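Note sheet for the following structure.
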Amino acid sequence: MGKGQNEGGFSEDQLQMYKDCFKLMDINKDGQLDKNDLRGAFDNVGVLMSEGELDGLLGEIGGACTYDNMVKMFQEKMAGDGNDSDDLIVQAFKAYDQEGKIDSKMFTHALMTWGDKMTKAEIDDIFGEFEIDEDYMIKSKDVIGLFVAVKEEPKAEEPA
């Protein structure tokens, strides 16, 4: 378990962020998120959700959607078999690697074509995190670092 992390794997800062978000979404302040709370939260960010989608989200909690149950669900999802290992994610990005860089145009095409297809707006949002050079290339380590925790290489000390 990393420094500053509780038994569920979340840091105190992460738990505080979840708590703050929960409070913002709990519109009627009853300590429990219901469909109206979720609908309001999604409406506030410009996403219209159907009744079925809201029911599906609440169904993932497995009981009342309290702060504790929400965090428990996040912990289960993070530990579950549905998540790809960091090694698998790194290997997927390495498939696009060309001497330490990824062609942003090819990468955009892949993100919009295969798997869970992304929109141009979603891609623009993600690509805003990267420096794209004059050849439309992105450093592979920057892309990978956005999706997995990358271990810092120890810096060699220079002789005095």
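Please note that chains go A, B, ... in the order of the structure tokens, that every chain numbers its residues from 1, and that ligands are numbered from 1 in the order shown.
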
Q: Find the residues around Phe42 in chain A up to 12 Å (only C-alpha atoms counted), leave out those fewer than 4 positions away in its own chain, and share them as an MDAnalysis selection string.
A: chainID A and resid 24:25 35:38 46:50 53:54 57

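The protein and nucleic acid residues lying at most 12 Å from Ala110 in chain A are Ala92, Phe93, Ala95, Tyr96, Ile102, Asp103, Ser104, Lys105, Met106, Phe107, Thr113, Trp114, Gly115, Asp116, Lys117, Met118, Thr119, Lys120 and Ile123 of chain A, with only C-alpha atoms considered and sequence neighbours fewer than 3 positions away removed.
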
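Using only C-alpha atoms, the smallest distance between any of A:Lys139, A:Asp34, A:Asp125, A:Ala41 and Asp55 in chain A comes from A:Asp34.
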
Where in range 43-104 of chain A does DSSP assign strand (DSSP E), given as a PDB file with C-alpha atoms, in the first residue's frame?
ATOM      1  CA  ASP A  97       5.372   3.987 -30.776  1.00  0.00           C
ATOM      2  CA  GLN A  98       7.852   5.198 -33.392  1.00  0.00           C
ATOM      3  CA  LYS A 101       6.835   9.171 -30.290  1.00  0.00           C
ATOM      4  CA  ILE A 102       3.264   8.516 -31.439  1.00  0.00           C
ATOM      5  CA  ASP A 103       1.816   9.962 -34.653  1.00  0.00           C
TER       6      ASP A 103
END

Q: as a VMD selection string, list the residues of chain A assigned to alpha helix (DSSP H) by DSSP on the backbone atoms of this structure.
A: chain A and resid 12 to 25 35 to 44 51 to 59 67 to 79 86 to 94 104 to 113 120 to 127 140 to 147

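Minimum atom-to-atom distance to Ala121 in chain A, evaluated using only C-alpha atoms, belongs to A:Thr108 out of A:Gly100, A:Asp133, A:Thr108, A:Asp68.
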
Q: Using CA of Met73 in chain A and CA of Ile61 in chain A as the two end points, give the distance in Å to one decimal.
A: 5.9 Å

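The shortest atom-to-atom distance to Ser11 in chain A, with only C-alpha atoms taken into account, belongs to A:Val71 out of A:Val71, A:Arg39, A:Leu33, A:Cys65.
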
Q: Give the answer as one residue: which of A:Gly63, A:Asn69, A:Gly9, A:Glu99 has the shortest atom-to-atom distance to Phe22 in chain A, using only C-alpha atoms?
A: A:Asn69

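Here CA of Asp43 in chain A stands at a distance of 17.7 Å from CA of Lys29 in chain A.
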
Q | CA of Gly56 in chain A to CA of Glu76 in chain A, distance in Å rounded to a single decimal | A | 16.6 Å
